[in-house]
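Coordinates as given in work19.txt (compact mmCIF, C-alpha atoms):
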```txt
# COMPACT_ATOMS: atom_id res chain seq x y z
CA MET A 1 0.00 0.00 0.00
CA ASN A 2 1.44 3.34 -1.06
CA LEU A 3 0.74 5.86 1.69
CA ARG A 4 1.43 9.58 1.49
CA LEU A 5 2.70 11.30 4.57
CA PRO A 6 2.03 14.97 5.33
CA GLU A 7 5.02 17.25 4.79
CA THR A 8 4.24 19.53 7.74
CA SER A 9 1.99 19.28 10.74
CA LYS A 10 -0.56 21.60 9.09
CA ASP A 11 -1.00 19.42 5.99
CA ILE A 12 -4.00 17.16 5.66
CA VAL A 13 -4.12 13.91 3.66
CA THR A 14 -7.52 13.37 2.03
CA LYS A 15 -9.13 10.07 1.01
CA ASN A 16 -7.62 10.32 -2.48
CA ASN A 17 -4.10 10.65 -0.99
CA LYS A 18 -3.95 14.32 -1.97
CA ILE A 19 -2.08 16.63 0.35
CA VAL A 20 -4.07 19.78 1.09
CA THR A 21 -2.55 22.66 2.99
CA SER A 22 -4.68 24.13 5.74
CA TYR A 23 -4.37 27.01 8.13
CA GLU A 24 -5.81 27.65 11.55
CA LEU A 25 -8.09 30.55 12.31
CA PRO A 26 -7.52 32.59 15.46
CA GLU A 27 -9.08 31.00 18.49
CA PRO A 28 -12.64 32.13 19.16
CA ALA A 29 -13.72 33.22 22.63
CA THR A 30 -14.89 29.69 23.47
CA GLY A 31 -11.39 28.30 23.06
CA ASN A 32 -12.28 25.79 20.32
CA ARG A 33 -9.97 25.66 17.31
CA GLN A 34 -11.32 25.57 13.79
CA GLN A 35 -9.48 24.42 10.71
CA VAL A 36 -10.28 25.79 7.28
CA THR A 37 -8.84 24.19 4.16
CA ASP A 38 -8.10 25.90 0.87
CA ILE A 39 -10.57 23.70 -1.05
CA GLN A 40 -13.33 25.37 -3.06
CA MET A 41 -16.75 23.77 -2.93
CA GLU A 42 -17.96 21.80 -5.89
CA ALA A 43 -21.36 22.43 -7.43
CA VAL A 44 -23.86 19.89 -8.71
CA ALA A 45 -26.61 20.17 -11.32
CA LYS A 46 -29.02 17.39 -12.30
CA LEU A 47 -31.19 16.80 -15.35
CA MET A 48 -33.92 14.29 -14.63
CA ASN A 49 -35.95 12.17 -17.09
CA TYR A 50 -34.65 13.67 -20.33
CA PRO A 51 -36.30 11.71 -23.17
CA THR A 52 -33.33 10.37 -25.09
CA SER A 53 -31.47 7.12 -24.66
CA PRO A 54 -28.61 7.05 -22.15
CA ARG A 55 -26.30 5.68 -24.83
CA LYS A 56 -26.75 8.77 -27.01
CA MET A 57 -26.26 11.11 -24.04
CA ARG A 58 -23.11 9.25 -22.90
CA LEU A 59 -21.46 10.03 -26.24
CA LEU A 60 -21.59 13.72 -25.37
CA ALA A 61 -20.82 13.17 -21.69
CA ASP A 62 -17.62 11.33 -22.56
CA LEU A 63 -16.70 14.19 -24.87
CA ILE A 64 -16.77 16.91 -22.18
CA ARG A 65 -15.64 14.90 -19.12
CA GLY A 66 -12.56 16.55 -17.59
CA MET A 67 -12.69 19.57 -19.94
CA ALA A 68 -12.43 23.17 -18.89
CA VAL A 69 -15.90 24.65 -18.58
CA GLU A 70 -15.42 27.28 -21.31
CA ASN A 71 -14.21 24.64 -23.79
CA ALA A 72 -17.06 22.31 -22.87
CA ILE A 73 -19.70 25.02 -23.46
CA ALA A 74 -18.16 25.91 -26.83
CA THR A 75 -18.04 22.25 -27.83
CA LEU A 76 -21.66 21.65 -26.89
CA GLU A 77 -22.93 24.81 -28.64
CA HIS A 78 -21.47 23.66 -31.96
CA HIS A 79 -22.13 19.93 -31.69
CA PRO A 80 -24.68 18.50 -34.14
CA LYS A 81 -26.25 15.89 -31.81
CA HIS A 82 -29.61 16.88 -30.35
CA PRO A 83 -28.79 16.20 -26.64
CA ALA A 84 -26.06 18.87 -26.82
CA THR A 85 -28.58 21.67 -26.15
CA PRO A 86 -29.96 20.42 -22.79
CA LEU A 87 -26.46 19.31 -21.72
CA GLY A 88 -25.16 22.83 -22.40
CA LYS A 89 -28.00 24.33 -20.33
CA LEU A 90 -27.24 21.88 -17.53
CA LEU A 91 -23.56 22.84 -17.58
CA LYS A 92 -24.46 26.55 -17.37
CA SER A 93 -26.74 25.74 -14.44
CA ALA A 94 -23.88 23.96 -12.66
CA ILE A 95 -21.67 27.01 -13.20
CA ASN A 96 -24.34 29.29 -11.71
CA ASN A 97 -24.70 26.91 -8.76
CA TRP A 98 -20.93 27.13 -8.20
CA GLU A 99 -21.09 30.94 -8.26
CA GLN A 100 -23.92 30.87 -5.69
CA LYS A 101 -21.91 28.63 -3.36
CA ASN A 102 -18.74 30.71 -3.72
CA GLU A 103 -20.07 34.22 -3.28
CA GLY A 104 -17.72 36.97 -4.32
CA THR A 105 -15.94 34.75 -6.84
CA SER A 106 -16.67 34.76 -10.53
CA ALA A 107 -16.61 31.55 -12.54
CA ALA A 108 -14.64 33.39 -15.23
CA ASP A 109 -11.81 34.05 -12.76
CA ALA A 110 -11.71 30.49 -11.40
CA THR A 111 -10.47 27.66 -13.56
CA LEU A 112 -13.56 25.47 -13.48
CA VAL A 113 -13.53 21.98 -14.95
CA VAL A 114 -16.17 19.32 -15.44
CA LYS A 115 -15.05 17.11 -12.57
CA THR A 116 -17.71 14.42 -12.89
CA ILE A 117 -20.49 13.74 -15.34
CA MET A 118 -22.74 10.71 -14.96
CA VAL A 119 -25.51 9.49 -17.26
CA ASP A 120 -27.89 6.99 -15.73
CA GLY A 121 -30.91 5.28 -17.20
CA ALA A 122 -34.29 6.58 -16.10
CA ARG A 123 -37.81 5.31 -16.74
CA THR A 124 -38.53 3.46 -19.95
CA LEU A 125 -41.90 3.89 -21.65
CA ARG A 126 -42.98 0.66 -23.32
CA ARG A 127 -45.13 0.92 -26.43
CA MET A 128 -46.43 -1.70 -28.84
CA ARG A 129 -46.07 -1.49 -32.62
CA PRO A 130 -48.21 -3.62 -34.90
CA ALA A 131 -46.29 -6.46 -36.50
CA PRO A 132 -47.21 -9.09 -39.11
CA GLN A 133 -49.52 -12.00 -38.33
CA GLY A 134 -51.23 -10.35 -35.39
CA ARG A 135 -48.09 -9.92 -33.31
CA GLY A 136 -46.77 -6.77 -31.69
CA TYR A 137 -43.21 -5.49 -31.47
CA ARG A 138 -42.17 -3.83 -28.27
CA ILE A 139 -40.79 -0.30 -28.57
CA ARG A 140 -38.80 1.00 -25.62
CA LYS A 141 -38.70 4.78 -25.36
CA ARG A 142 -35.78 5.36 -23.01
CA SER A 143 -34.92 8.41 -20.92
CA ASN A 144 -31.97 9.32 -18.72
CA HIS A 145 -30.73 11.26 -15.71
CA VAL A 146 -27.58 13.39 -16.04
CA THR A 147 -25.52 14.65 -13.09
CA ILE A 148 -22.73 17.20 -13.59
CA ILE A 149 -20.24 18.23 -10.91
CA VAL A 150 -17.99 21.23 -11.59
CA ASP A 151 -15.05 22.21 -9.41
CA THR A 152 -11.94 24.35 -9.56
CA LYS A 153 -8.89 22.81 -11.13
CA THR A 154 -6.47 21.84 -8.39
CA THR A 155 -2.84 20.95 -8.87
CA GLU A 156 -1.98 17.70 -7.17
CA VAL A 157 1.14 17.39 -5.09
CA SER A 158 3.01 14.54 -6.71
CA LYS A 159 5.96 14.31 -4.36
CA ASN A 160 7.24 10.84 -3.65
CA VAL A 161 7.90 10.50 0.07
CA TYR A 162 10.32 7.60 -0.36
CA GLY A 163 12.62 9.27 -2.91
CA SER A 164 12.69 9.33 -6.69
CA ASN A 165 11.51 6.50 -8.91
CA ASP A 166 14.40 6.78 -11.37
CA ARG A 167 15.99 3.41 -12.07
CA ALA A 168 19.22 5.11 -13.02
CA SER A 169 19.56 6.67 -9.57
CA LYS A 170 18.83 3.32 -7.85
CA ASN A 171 21.31 1.40 -9.97
CA ASN A 172 24.04 4.03 -9.78
CA HIS A 173 25.46 3.75 -6.24
CA SER A 174 28.65 5.72 -6.80
```
With the file now loaded, output its structure as structure tokens.
Amino acid sequence: MNLRLPETSKDIVTKNNKIVTSYELPEPATGNRQQVTDIQMEAVAKLMNYPTSPRKMRLLADLIRGMAVENAIATLEHHPKHPATPLGKLLKSAINNWEQKNEGTSAADATLVVKTIMVDGARTLRRMRPAPQGRGYRIRKRSNHVTIIVDTKTTEVSKNVYGSNDRASKNNHS
């Protein structure tokens, strides 16, 4: 198991083994200490029961996953597939939600990225279509749920605690 150790006593190791620097606020009158980290809050927006198949929506979701928000909006505005329009509106809604959470900060100043985008299947309407010889073919009209999470782009600390991984430095003991 590869464990990251904090570099100083004021560093925090998160679940993803990221080292996040924190600072302590002055002690309040009650004597309790509070710790505030330098992490911006992420914002979520959801689109529920959109009437197109999840497979078609996932094509666009895979396209913008991990992109900067400005690039993702430009890509969706000029994309020919029909789910691009509601996905663009959903992304703009997530940006506005981020601005509401982080008052005093503009989304244009922050480097926002599409951190997570999930497309899940929703209800399926089943219809019957007449077929030859008195039979009926089943038609499934699918719909989906989309969840977008936007967050500021953070630079990960990629410092190896146990030294460098260069094979040349391990083999060269002179």
Practice item. Compute the distance from (-30.5, 12.5, -20.8) to each atom, counting all atoms listed in the file, keep the residues with any atom at most 10 Å away, and return them as a list of chain:residue names; use the coordinates of the file. Key: A:Lys46, A:Leu47, A:Met48, A:Asn49, A:Tyr50, A:Pro51, A:Thr52, A:Ser53, A:Pro54, A:Arg55, A:Lys56, A:Met57, A:Arg58, A:Ala61, A:Pro83, A:Ala84, A:Pro86, A:Leu87, A:Met118, A:Val119, A:Asp120, A:Gly121, A:Ala122, A:Arg142, A:Ser143, A:Asn144, A:His145, A:Val146, A:Thr147
Check: Hey, what's within 12 Å of range 62-77 of chain A if we count all atoms listed in the file and toss same-chain stuff fewer than 6 positions away? As a PyMOL selection string, please?
Finding: chain A and resi 54-56+83-96+98+107-119+147-153
Point to revise | Within 7 Å of Lys141 in chain A using all atoms listed in the file, minus same-chain residues under 6 positions, as a PyMOL selection string | key: chain A and resi 124-126
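CA of Leu59 in chain A is positioned 22.5 Å from CA of Ala43 in chain A.
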Shortest contact to Val44 in chain A, candidates A:Arg140, A:Lys101, A:Arg127, A:Arg135, atoms counted all atoms listed in the file, goes to A:Lys101
In Å and to one decimal, CA of Ile139 in chain A is distant from CA of Leu60 in chain A by 24.0 Å
Correct to one decimal, the distance CA of Glu42 in chain A-CA of Asn97 in chain A is 8.9 Å
